[in-house]
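Q: This is the content of run.txt (compact mmCIF, C-alpha atoms):
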# COMPACT_ATOMS: atom_id res chain seq x y z
CA MET A 212 74.52 107.83 42.19
CA LYS A 213 75.36 104.78 44.28
CA LYS A 214 78.97 104.88 43.08
CA LEU A 215 79.16 108.54 43.99
CA SER A 216 77.88 107.79 47.50
CA LEU A 217 80.46 105.05 47.91
CA PHE A 218 83.18 107.43 46.78
CA LEU A 219 82.02 110.04 49.27
CA LEU A 220 82.08 107.51 52.14
CA ILE A 221 85.61 106.44 51.26
CA ALA A 222 86.71 110.05 51.04
CA ILE A 223 85.22 110.79 54.45
CA ALA A 224 86.96 107.76 56.00
CA VAL A 225 90.31 108.70 54.49
CA SER A 226 89.83 112.27 55.64
CA SER A 227 89.02 111.10 59.17
CA ALA A 228 92.08 108.83 59.32
CA PHE A 229 94.27 111.57 57.97
CA GLY A 230 92.76 114.00 60.47
CA GLN A 231 93.60 111.88 63.51
CA LYS A 232 97.14 111.22 62.30
CA SER A 233 97.52 114.91 61.63
CA LEU A 234 96.29 115.62 65.16
CA ARG A 235 98.87 113.19 66.53
CA THR A 236 101.60 114.95 64.59
CA THR A 237 100.38 118.26 65.94
CA ALA A 238 100.58 116.84 69.48
CA TYR A 239 104.16 115.74 68.78
CA ASN A 240 105.08 119.21 67.53
CA ASP A 241 103.41 120.81 70.56
CA LEU A 242 105.55 118.59 72.78
CA ARG A 243 108.70 119.65 70.94
CA LYS A 244 107.76 123.28 71.50
CA GLY A 245 107.13 122.63 75.19
CA GLN A 246 103.43 123.47 74.86
CA LEU A 247 102.28 120.61 77.05
CA ASP A 248 98.69 121.78 77.47
CA LYS A 249 98.14 121.78 73.70
CA ALA A 250 100.04 118.52 73.31
CA LEU A 251 97.77 116.85 75.87
CA GLN A 252 94.64 118.27 74.27
CA ASN A 253 95.64 116.99 70.84
CA ILE A 254 96.91 113.53 71.81
CA GLU A 255 93.92 112.37 73.85
CA PRO A 256 91.44 111.98 70.95
CA THR A 257 93.90 109.76 69.10
CA ILE A 258 93.82 106.96 71.72
CA THR A 259 90.13 106.26 71.12
CA ASP A 260 90.01 106.64 67.34
CA ALA A 261 90.10 103.40 65.39
CA THR A 262 92.65 104.74 62.93
CA THR A 263 95.28 105.60 65.56
CA MET A 264 94.41 103.74 68.77
CA ASN A 265 96.34 100.61 67.77
CA ASP A 266 99.38 102.44 66.43
CA PRO A 267 102.36 102.22 68.83
CA LYS A 268 103.42 105.73 67.81
CA THR A 269 100.24 107.12 69.39
CA TRP A 270 101.04 105.61 72.76
CA PHE A 271 104.70 106.55 72.52
CA TYR A 272 103.82 110.22 71.99
CA ARG A 273 101.20 110.07 74.74
CA GLY A 274 103.68 108.54 77.20
CA ASN A 275 106.23 111.22 76.39
CA ILE A 276 103.69 114.00 76.88
CA TYR A 277 102.51 112.74 80.27
CA LEU A 278 106.07 112.11 81.42
CA GLN A 279 107.02 115.69 80.56
CA ILE A 280 103.93 116.98 82.37
CA HIS A 281 105.07 115.15 85.49
CA MET A 282 108.66 116.36 85.13
CA SER A 283 107.70 119.97 84.37
CA GLU A 284 108.61 122.67 86.89
CA ASN A 285 105.90 124.94 85.48
CA PRO A 286 102.90 124.74 87.88
CA GLU A 287 100.52 125.42 84.99
CA TYR A 288 101.70 122.25 83.25
CA LYS A 289 102.42 120.28 86.43
CA ASN A 290 98.77 120.60 87.45
CA LEU A 291 97.37 119.38 84.14
CA ASP A 292 97.05 115.88 85.59
CA PRO A 293 97.86 114.73 89.14
CA ASP A 294 98.46 111.20 87.86
CA ALA A 295 100.62 112.12 84.89
CA LEU A 296 103.30 109.62 85.90
CA GLY A 297 100.77 106.78 86.09
CA LYS A 298 99.32 107.65 82.69
CA ALA A 299 102.78 107.86 81.17
CA TYR A 300 103.47 104.34 82.43
CA GLU A 301 100.12 103.05 81.12
CA SER A 302 100.94 104.53 77.72
CA TYR A 303 104.36 102.89 77.53
CA LYS A 304 102.89 99.55 78.62
CA LYS A 305 100.33 99.78 75.81
CA LEU A 306 103.12 100.71 73.42
CA LEU A 307 105.10 97.61 74.37
CA GLU A 308 102.03 95.46 73.61
CA LEU A 309 101.58 96.99 70.16
CA ASP A 310 105.18 97.63 69.09
CA THR A 311 105.90 94.17 67.66
CA LYS A 312 108.68 95.58 65.50
CA LYS A 313 110.23 97.24 68.57
CA GLU A 314 110.46 100.52 66.74
CA PHE A 315 110.13 102.53 69.96
CA TYR A 316 111.26 99.84 72.41
CA THR A 317 114.62 101.27 73.48
CA GLU A 318 113.34 104.79 74.18
CA ALA A 319 110.24 103.45 75.92
CA ILE A 320 112.31 101.27 78.26
CA GLN A 321 114.57 104.21 79.06
CA ASN A 322 111.53 106.31 79.94
CA ILE A 323 110.01 103.53 82.03
CA PHE A 324 113.27 103.46 83.96
CA VAL A 325 112.84 107.20 84.58
CA ILE A 326 109.30 106.53 85.84
CA SER A 327 110.54 103.90 88.28
CA GLU A 328 113.12 106.39 89.62
CA GLN A 329 110.46 109.07 89.99
CA LEU A 330 108.17 106.71 91.89
CA TYR A 331 111.05 105.68 94.14
CA ASN A 332 111.82 109.33 94.85
CA GLN A 333 108.15 109.92 95.65
CA GLY A 334 108.38 107.08 98.16
CA VAL A 335 111.42 108.63 99.80
CA LYS A 336 109.64 111.99 99.99
CA HIS A 337 106.57 110.43 101.62
CA PHE A 338 108.71 108.44 104.05
CA SER A 339 110.71 111.52 105.07
CA ALA A 340 107.41 113.27 105.82
CA SER A 341 106.26 110.26 107.91
CA GLU A 342 103.54 109.56 105.32
CA PHE A 343 104.18 105.84 105.49
CA ASP A 344 101.04 104.65 103.69
CA GLY A 345 101.84 106.94 100.77
CA ALA A 346 105.45 105.79 100.81
CA LEU A 347 104.33 102.17 100.63
CA VAL A 348 102.13 102.86 97.59
CA SER A 349 104.95 104.66 95.77
CA PHE A 350 107.54 101.97 96.49
CA GLU A 351 105.11 99.25 95.40
CA LYS A 352 104.53 101.08 92.12
CA ALA A 353 108.29 101.45 91.66
CA ILE A 354 108.67 97.69 92.14
CA ASP A 355 105.98 96.93 89.54
CA VAL A 356 107.35 99.43 87.01
CA SER A 357 110.88 98.06 87.37
CA ALA A 358 109.56 94.57 86.68
CA THR A 359 108.32 95.82 83.28
CA TYR A 360 111.89 95.90 81.99
CA GLY A 361 113.00 92.80 83.90
CA ASN A 362 114.59 94.56 86.88
CA VAL A 363 114.11 93.49 90.50
CA ASP A 364 114.44 96.67 92.55
CA THR A 365 115.67 95.25 95.85
CA LEU A 366 116.06 98.68 97.45
CA ALA A 367 112.44 99.55 96.66
CA ILE A 368 111.33 96.16 98.05
CA PHE A 369 113.26 96.74 101.28
CA ASN A 370 111.83 100.24 101.61
CA ALA A 371 108.33 98.94 100.93
CA GLY A 372 108.78 96.60 103.89
CA LEU A 373 110.12 99.43 106.03
CA SER A 374 107.22 101.68 105.04
CA ALA A 375 104.69 98.95 105.77
CA GLU A 376 106.27 98.32 109.17
CA ASN A 377 106.08 102.01 110.06
CA ALA A 378 102.50 102.13 108.79
CA LYS A 379 101.74 99.12 111.05
CA ASN A 380 100.67 97.16 108.00
CA TRP A 381 102.06 93.88 109.31
CA PRO A 382 100.96 91.60 106.41
CA LYS A 383 102.63 93.85 103.81
CA ALA A 384 105.72 94.24 106.01
CA LYS A 385 106.08 90.46 106.26
CA GLN A 386 105.48 90.13 102.51
CA TYR A 387 108.25 92.51 101.49
CA TYR A 388 110.75 91.57 104.20
CA GLY A 389 110.20 87.92 103.33
CA ARG A 390 110.71 88.63 99.65
CA ILE A 391 113.91 90.60 100.22
CA ILE A 392 115.30 87.77 102.34
CA GLU A 393 114.53 85.31 99.54
CA LEU A 394 116.49 87.57 97.19
CA ASN A 395 119.53 87.41 99.53
CA TYR A 396 119.54 91.16 100.05
CA PRO A 397 122.84 91.93 101.84
CA GLN A 398 121.30 93.71 104.83
CA PRO A 399 121.34 91.73 108.11
CA LEU A 400 118.97 94.12 109.85
CA VAL A 401 116.11 92.99 107.59
CA TYR A 402 115.95 89.92 109.84
CA ASN A 403 115.70 92.25 112.83
CA SER A 404 112.88 94.14 111.16
CA LEU A 405 110.97 90.97 110.30
CA SER A 406 111.45 89.75 113.86
CA ASN A 407 110.02 93.01 115.19
CA VAL A 408 106.95 92.64 112.99
CA TYR A 409 106.27 89.19 114.43
CA LEU A 410 106.73 90.59 117.94
CA GLU A 411 104.11 93.24 117.15
CA GLU A 412 101.79 90.38 116.25
CA LYS A 413 102.68 88.64 119.57
CA ASP A 414 104.19 85.72 117.65
CA THR A 415 107.33 85.12 119.70
CA LEU A 416 108.16 81.81 118.01
CA GLN A 417 108.24 83.32 114.51
CA ALA A 418 110.09 86.38 115.83
CA LEU A 419 112.77 84.13 117.28
CA ALA A 420 112.90 82.02 114.11
CA ALA A 421 113.41 85.14 111.97
CA VAL A 422 116.29 86.48 114.04
CA GLN A 423 117.89 83.05 114.34
CA ALA A 424 117.83 82.70 110.54
CA GLY A 425 119.66 86.01 110.41
CA ARG A 426 122.22 84.87 112.96
CA VAL A 427 122.96 81.77 110.89
CA LYS A 428 123.78 83.98 107.93
CA TYR A 429 125.43 86.80 109.91
CA PRO A 430 126.80 85.15 113.07
CA ASP A 431 128.93 88.17 114.01
CA ASN A 432 126.20 90.79 113.72
CA PHE A 433 125.79 92.53 117.06
CA GLN A 434 122.25 93.83 116.51
CA LEU A 435 120.94 90.37 115.69
CA LEU A 436 122.61 89.02 118.82
CA ILE A 437 120.90 91.66 120.94
CA GLN A 438 117.53 91.07 119.27
CA GLU A 439 117.74 87.35 120.00
CA THR A 440 118.79 88.11 123.57
CA ASN A 441 115.83 90.45 124.12
CA ILE A 442 113.44 87.76 122.93
CA TYR A 443 115.03 85.28 125.32
CA LEU A 444 114.71 87.79 128.16
CA ALA A 445 111.07 88.54 127.34
CA SER A 446 110.22 84.83 127.23
CA ARG A 447 112.19 84.17 130.45
CA GLN A 448 114.74 81.91 128.79
CA ASN A 449 117.35 83.29 131.16
CA ASP A 450 120.13 80.77 130.54
CA LYS A 451 120.04 81.35 126.77
CA ALA A 452 119.84 85.09 127.32
CA MET A 453 122.85 85.01 129.61
CA ALA A 454 124.91 83.03 127.11
CA ASN A 455 124.15 85.67 124.49
CA LEU A 456 124.88 88.52 126.86
CA GLN A 457 128.29 87.11 127.66
CA GLN A 458 129.01 87.06 123.92
CA ALA A 459 127.77 90.64 123.71
CA VAL A 460 130.13 91.75 126.48
CA GLN A 461 133.05 90.23 124.60
CA LYS A 462 132.03 91.96 121.36
CA ASP A 463 131.42 95.36 122.96
CA PRO A 464 133.02 95.58 126.43
CA THR A 465 132.40 99.33 126.77
CA ASN A 466 128.66 99.24 126.16
CA PRO A 467 126.80 100.15 129.39
CA THR A 468 123.49 98.87 128.05
CA ILE A 469 124.85 95.33 127.86
CA TYR A 470 126.10 95.37 131.44
CA TYR A 471 122.74 96.73 132.53
CA ALA A 472 120.97 93.89 130.69
CA VAL A 473 123.33 91.37 132.32
CA GLY A 474 122.49 92.89 135.69
CA VAL A 475 118.75 92.65 135.05
CA ASN A 476 119.11 89.03 133.97
CA TYR A 477 121.15 88.11 137.05
CA PHE A 478 118.59 89.88 139.25
CA THR A 479 115.81 87.85 137.61
CA MET A 480 117.83 84.71 138.36
CA ASN A 481 118.19 85.93 141.99
CA ASN A 482 121.97 86.22 141.71
CA LEU A 483 122.21 89.57 143.49
CA VAL A 484 126.00 89.59 143.74
CA GLU A 485 126.45 89.43 139.97
CA ALA A 486 123.52 91.79 139.42
CA GLU A 487 125.15 94.39 141.68
CA LYS A 488 128.52 93.98 139.96
CA ASN A 489 127.06 94.57 136.48
CA TYR A 490 124.88 97.51 137.51
CA ILE A 491 127.97 99.17 138.98
CA LYS A 492 129.90 98.51 135.75
CA ALA A 493 127.10 100.06 133.70
CA ILE A 494 127.15 103.16 135.93
CA GLU A 495 130.93 103.43 135.71
CA LEU A 496 130.63 103.52 131.92
CA LYS A 497 127.61 105.84 131.95
CA PRO A 498 127.13 107.78 135.22
CA ASP A 499 123.89 109.36 133.93
CA TYR A 500 122.28 105.97 133.26
CA PHE A 501 118.93 106.40 135.03
CA GLU A 502 117.80 102.77 134.87
CA ALA A 503 121.11 101.39 136.17
CA ASN A 504 121.18 103.87 139.07
CA TYR A 505 117.57 103.19 139.96
CA ASN A 506 117.89 99.40 139.72
CA LEU A 507 121.04 99.32 141.84
CA GLY A 508 119.38 101.49 144.47
CA ALA A 509 116.29 99.28 144.38
CA LEU A 510 118.47 96.18 144.72
CA TYR A 511 119.93 97.55 147.96
CA VAL A 512 116.47 98.51 149.23
CA ASN A 513 115.26 94.95 148.59
CA GLN A 514 118.29 93.53 150.37
CA ALA A 515 117.61 95.77 153.37
CA ALA A 516 113.97 94.70 153.39
CA THR A 517 115.09 91.06 153.52
CA GLU A 518 117.26 91.81 156.58
CA ILE A 519 114.40 93.63 158.29
CA GLU A 520 112.06 90.71 157.57
CA LYS A 521 114.55 88.34 159.19
CA ALA A 522 114.78 90.62 162.22
CA ASN A 523 111.01 90.80 162.60
CA LYS A 524 110.77 87.01 162.69
CA LEU A 525 113.13 86.73 165.66
CA PRO A 526 111.73 86.05 169.14
CA LEU A 527 111.60 89.02 171.51
CA SER A 528 114.44 87.55 173.53
CA ALA A 529 116.90 87.69 170.57
CA THR A 530 117.72 91.35 171.13
CA ALA A 531 121.35 91.18 170.01
CA GLU A 532 120.52 89.36 166.79
CA TYR A 533 117.69 91.82 166.09
CA ASP A 534 119.96 94.84 166.59
CA ALA A 535 122.63 93.31 164.36
CA LEU A 536 120.17 92.65 161.54
CA LYS A 537 118.68 96.13 161.91
CA LEU A 538 122.15 97.68 161.70
CA ASP A 539 122.90 95.62 158.60
CA ALA A 540 119.63 96.80 157.02
CA ASP A 541 120.41 100.44 157.79
CA ASN A 542 123.90 100.15 156.32
CA ILE A 543 122.53 98.57 153.15
CA LEU A 544 119.96 101.37 152.87
CA LYS A 545 122.75 103.92 153.13
CA LYS A 546 124.41 102.28 150.12
CA SER A 547 121.23 102.83 148.10
CA ILE A 548 121.01 106.58 148.76
CA PRO A 549 123.62 107.93 146.27
CA TYR A 550 122.22 105.84 143.43
CA LEU A 551 118.58 106.74 144.08
CA GLU A 552 119.50 110.40 144.53
CA GLN A 553 121.35 110.29 141.22
CA ALA A 554 118.34 108.64 139.58
CA SER A 555 116.09 111.37 141.00
CA ALA A 556 118.44 114.07 139.72
CA LEU A 557 118.35 112.48 136.26
CA ASP A 558 114.55 112.28 136.28
CA PRO A 559 113.06 114.63 138.89
CA THR A 560 109.51 113.66 137.89
CA ASP A 561 109.91 109.94 138.64
CA LYS A 562 107.58 109.32 141.55
CA SER A 563 108.82 105.81 142.37
CA THR A 564 112.33 107.10 143.05
CA LEU A 565 111.06 109.88 145.31
CA LEU A 566 108.82 107.51 147.29
CA SER A 567 111.76 105.12 147.81
CA LEU A 568 113.93 107.98 149.05
CA LYS A 569 111.18 109.19 151.39
CA GLU A 570 110.94 105.72 152.95
CA ILE A 571 114.73 105.47 153.34
CA TYR A 572 115.08 108.96 154.86
CA THR A 573 112.26 108.16 157.30
CA ARG A 574 113.85 104.89 158.37
CA LEU A 575 117.29 106.48 158.81
CA ASN A 576 115.79 109.50 160.62
CA MET A 577 117.08 111.92 157.93
CA LEU A 578 114.23 114.37 158.50
CA ASP A 579 115.56 117.34 156.51
CA LYS A 580 116.04 115.11 153.47
CA ARG A 581 112.56 113.72 153.91
CA LYS A 582 111.05 117.21 153.90
CA GLU A 583 112.83 117.99 150.63
CA VAL A 584 111.39 114.86 149.04
CA GLU A 585 107.93 115.56 150.37
CA ALA A 586 108.07 119.03 148.82
CA LYS A 587 109.06 117.52 145.46
CA LEU A 588 106.24 114.99 145.66
CA ALA A 589 103.74 117.72 146.46
CA GLY A 590 104.82 119.56 143.32
CA LEU A 591 104.19 116.62 140.99
Now that the file is in, can you turn its structure into structure tokens?

A:
Amino acid sequence: MKKLSLFLLIAIAVSSAFGQKSLRTTAYNDLRKGQLDKALQNIEPTITDATTMNDPKTWFYRGNIYLQIHMSENPEYKNLDPDALGKAYESYKKLLELDTKKEFYTEAIQNIFVISEQLYNQGVKHFSASEFDGALVSFEKAIDVSATYGNVDTLAIFNAGLSAENAKNWPKAKQYYGRIIELNYPQPLVYNSLSNVYLEEKDTLQALAAVQAGRVKYPDNFQLLIQETNIYLASRQNDKAMANLQQAVQKDPTNPTIYYAVGVNYFTMNNLVEAEKNYIKAIELKPDYFEANYNLGALYVNQAATEIEKANKLPLSATAEYDALKLDADNILKKSIPYLEQASALDPTDKSTLLSLKEIYTRLNMLDKRKEVEAKLAGL
């Protein structure tokens, strides 16, 4: 009787083992027929059964099933598991651990490559929809999956940094931009991006160091030159900014923005003659340049105010000198009018421009013009 019992136990164990392997084969056949719901239902029990859970074939079939679920265009199958791609990857990773004979290695690696591409495409889709946190997650997964087969996906790393920057995740942005720089990724603007991240963190020194490292490697890159110049301007390092701006003018002599920046820098350095010259050049290149028109008009207004201040300091007996200074001030104000009027035409809602014009029209006794401005101000 005891022998019979032992025989029955062995028979049951063999039957169970055979049953799970049979179920796995059924799952494989279901996959071949495209019946992904049945394939999924039949493969899942095999990953927890002792007779099949350590067999690489089990995980290979499971990976294939989940990958096909993800790739399916049939909504019924597509919705079987929202994380089908992740489970496919987990299955192939488990396969690689168990497949010491590398029986399924080549096909598994090929499918892992497909997974990394799919994750990258998910990242692009999220980024295009301005879902930057989701894009970051997808690109990070693509990076990790690529590493499984020894690949360093530099494009995914760069895009992870870009996604993190747009998501305002400064630590992750620095992590991925720093990593891509270490990998000598041939994209000079990554230094610009890293510099911008440091600027967001109010770390001007690191921002400058990042862009200067880029300029060492790409000395002729115009965008890096401008980035460095902007940092100099923001930190009031006017001499260094001016040296860069002169280089910028040589590199791009038809760029109105550069002449405008030169004008601003000269104005900051109180060199009004050069400031005026560069504002005019910017306007010649771009007549509808609001900032250049406004700044040039404001420059003339400030010059006129200086003349009026000088006149007001004269003694009452200096009538001739007073009249001469007043006439100079009025003539300077007249020079400002076309530029401020152009600025107002370009941006009719700018209150500062309208208030400046009102003051000028009042001083020059241009009453009809003043009424027009007052009406515009009342409508704002």

Q: Please, what distance in Å, to one decimal, runs between CA of Leu373 (chain A) and CA of Ala295 (chain A)?

A: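 For CA of Leu373 (chain A) relative to CA of Ala295 (chain A), the distance reads 26.4 Å.
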
Q: Could you check how far CA of Lys492 (chain A) sits from CA of Asp541 (chain A), in Å to one decimal?

A: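 Rounded to one decimal, the two atoms are 24.1 Å apart.
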
Q: Neighbours of Ile368 (chain A) within 6 Å (only C-alpha atoms; same-chain residues fewer than 3 positions away dropped), as a PyMOL selection string?

A: chain A and resi 365+371+387

Q: Compile the contact shell of Asn489 (chain A) as an MDAnalysis selection string: residues with an atom at most 8 Å away, counting all atoms listed in the file, same-chain residues fewer than 5 positions apart removed.

A: chainID A and resid 470:471 473:474

Q: Identify which of the residues A:Ala459, A:Leu496, A:Ala250, A:Ala340 lies closest to Thr237 (chain A), counting only C-alpha atoms when measuring atom-to-atom distances.

A: A:Ala250

Q: What does the distance from CA of Ala452 (chain A) to CA of Lys488 (chain A) come to in Å, to one decimal?

A: 17.7 Å

Q: For the structure just given, write the atoms of region 234-259 of chain A, namely N, CA and C atoms, as a CSV table (one decimal), in the first residue's frame.

A:
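The resulting file, out.csv, is reproduced below:
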chain,number,residue,atom,x,y,z
A,234,LEU,N,0.7,23.7,-20.9
A,234,LEU,CA,0.0,25.0,-20.9
A,234,LEU,C,0.9,26.1,-21.6
A,235,ARG,N,2.2,26.0,-21.3
A,235,ARG,CA,3.2,26.9,-22.0
A,235,ARG,C,3.2,26.7,-23.5
A,236,THR,N,3.1,25.4,-23.9
A,236,THR,CA,3.0,25.2,-25.3
A,236,THR,C,1.8,25.7,-25.9
A,237,THR,N,0.7,25.6,-25.2
A,237,THR,CA,-0.6,26.2,-25.6
A,237,THR,C,-0.5,27.7,-25.8
A,238,ALA,N,0.2,28.3,-24.8
A,238,ALA,CA,0.4,29.8,-24.9
A,238,ALA,C,1.2,30.2,-26.1
A,239,TYR,N,2.2,29.4,-26.4
A,239,TYR,CA,3.0,29.6,-27.6
A,239,TYR,C,2.1,29.5,-28.9
A,240,ASN,N,1.3,28.5,-28.9
A,240,ASN,CA,0.4,28.3,-30.1
A,240,ASN,C,-0.6,29.4,-30.2
A,241,ASP,N,-1.1,29.8,-29.1
A,241,ASP,CA,-2.1,31.0,-29.1
A,241,ASP,C,-1.4,32.2,-29.6
A,242,LEU,N,-0.1,32.4,-29.3
A,242,LEU,CA,0.6,33.6,-29.8
A,242,LEU,C,0.8,33.5,-31.3
A,243,ARG,N,1.1,32.3,-31.8
A,243,ARG,CA,1.3,32.1,-33.2
A,243,ARG,C,0.0,32.4,-34.0
A,244,LYS,N,-1.2,32.0,-33.3
A,244,LYS,CA,-2.5,32.3,-34.0
A,244,LYS,C,-2.9,33.7,-33.8
A,245,GLY,N,-2.2,34.5,-33.0
A,245,GLY,CA,-2.6,35.9,-32.8
A,245,GLY,C,-3.6,36.1,-31.7
A,246,GLN,N,-3.9,35.0,-31.0
A,246,GLN,CA,-4.9,35.1,-29.9
A,246,GLN,C,-4.2,35.5,-28.6
A,247,LEU,N,-4.0,36.7,-28.5
A,247,LEU,CA,-3.1,37.2,-27.4
A,247,LEU,C,-3.8,37.2,-26.1
A,248,ASP,N,-5.1,37.3,-26.0
A,248,ASP,CA,-5.8,37.1,-24.7
A,248,ASP,C,-5.6,35.7,-24.1
A,249,LYS,N,-5.8,34.7,-25.0
A,249,LYS,CA,-5.6,33.3,-24.6
A,249,LYS,C,-4.1,33.1,-24.2
A,250,ALA,N,-3.2,33.6,-25.1
A,250,ALA,CA,-1.8,33.4,-24.8
A,250,ALA,C,-1.4,33.9,-23.4
A,251,LEU,N,-1.9,35.1,-23.1
A,251,LEU,CA,-1.6,35.7,-21.8
A,251,LEU,C,-2.2,34.9,-20.7
A,252,GLN,N,-3.4,34.5,-20.8
A,252,GLN,CA,-4.1,33.7,-19.8
A,252,GLN,C,-3.3,32.4,-19.6
A,253,ASN,N,-2.8,31.8,-20.6
A,253,ASN,CA,-2.1,30.5,-20.4
A,253,ASN,C,-0.7,30.6,-20.0
A,254,ILE,N,0.0,31.7,-20.3
A,254,ILE,CA,1.4,31.8,-19.9
A,254,ILE,C,1.6,32.2,-18.5
A,255,GLU,N,0.7,33.0,-17.9
A,255,GLU,CA,0.9,33.5,-16.6
A,255,GLU,C,1.1,32.5,-15.5
A,256,PRO,N,0.3,31.4,-15.5
A,256,PRO,CA,0.5,30.4,-14.4
A,256,PRO,C,1.9,29.7,-14.5
A,257,THR,N,2.5,29.7,-15.6
A,257,THR,CA,3.8,29.0,-15.8
A,257,THR,C,5.0,29.7,-15.1
A,258,ILE,N,4.8,31.0,-14.8
A,258,ILE,CA,5.9,31.7,-14.2
A,258,ILE,C,6.0,31.6,-12.7
A,259,THR,N,5.0,31.0,-12.1
A,259,THR,CA,5.0,30.7,-10.7
A,259,THR,C,5.0,29.2,-10.3
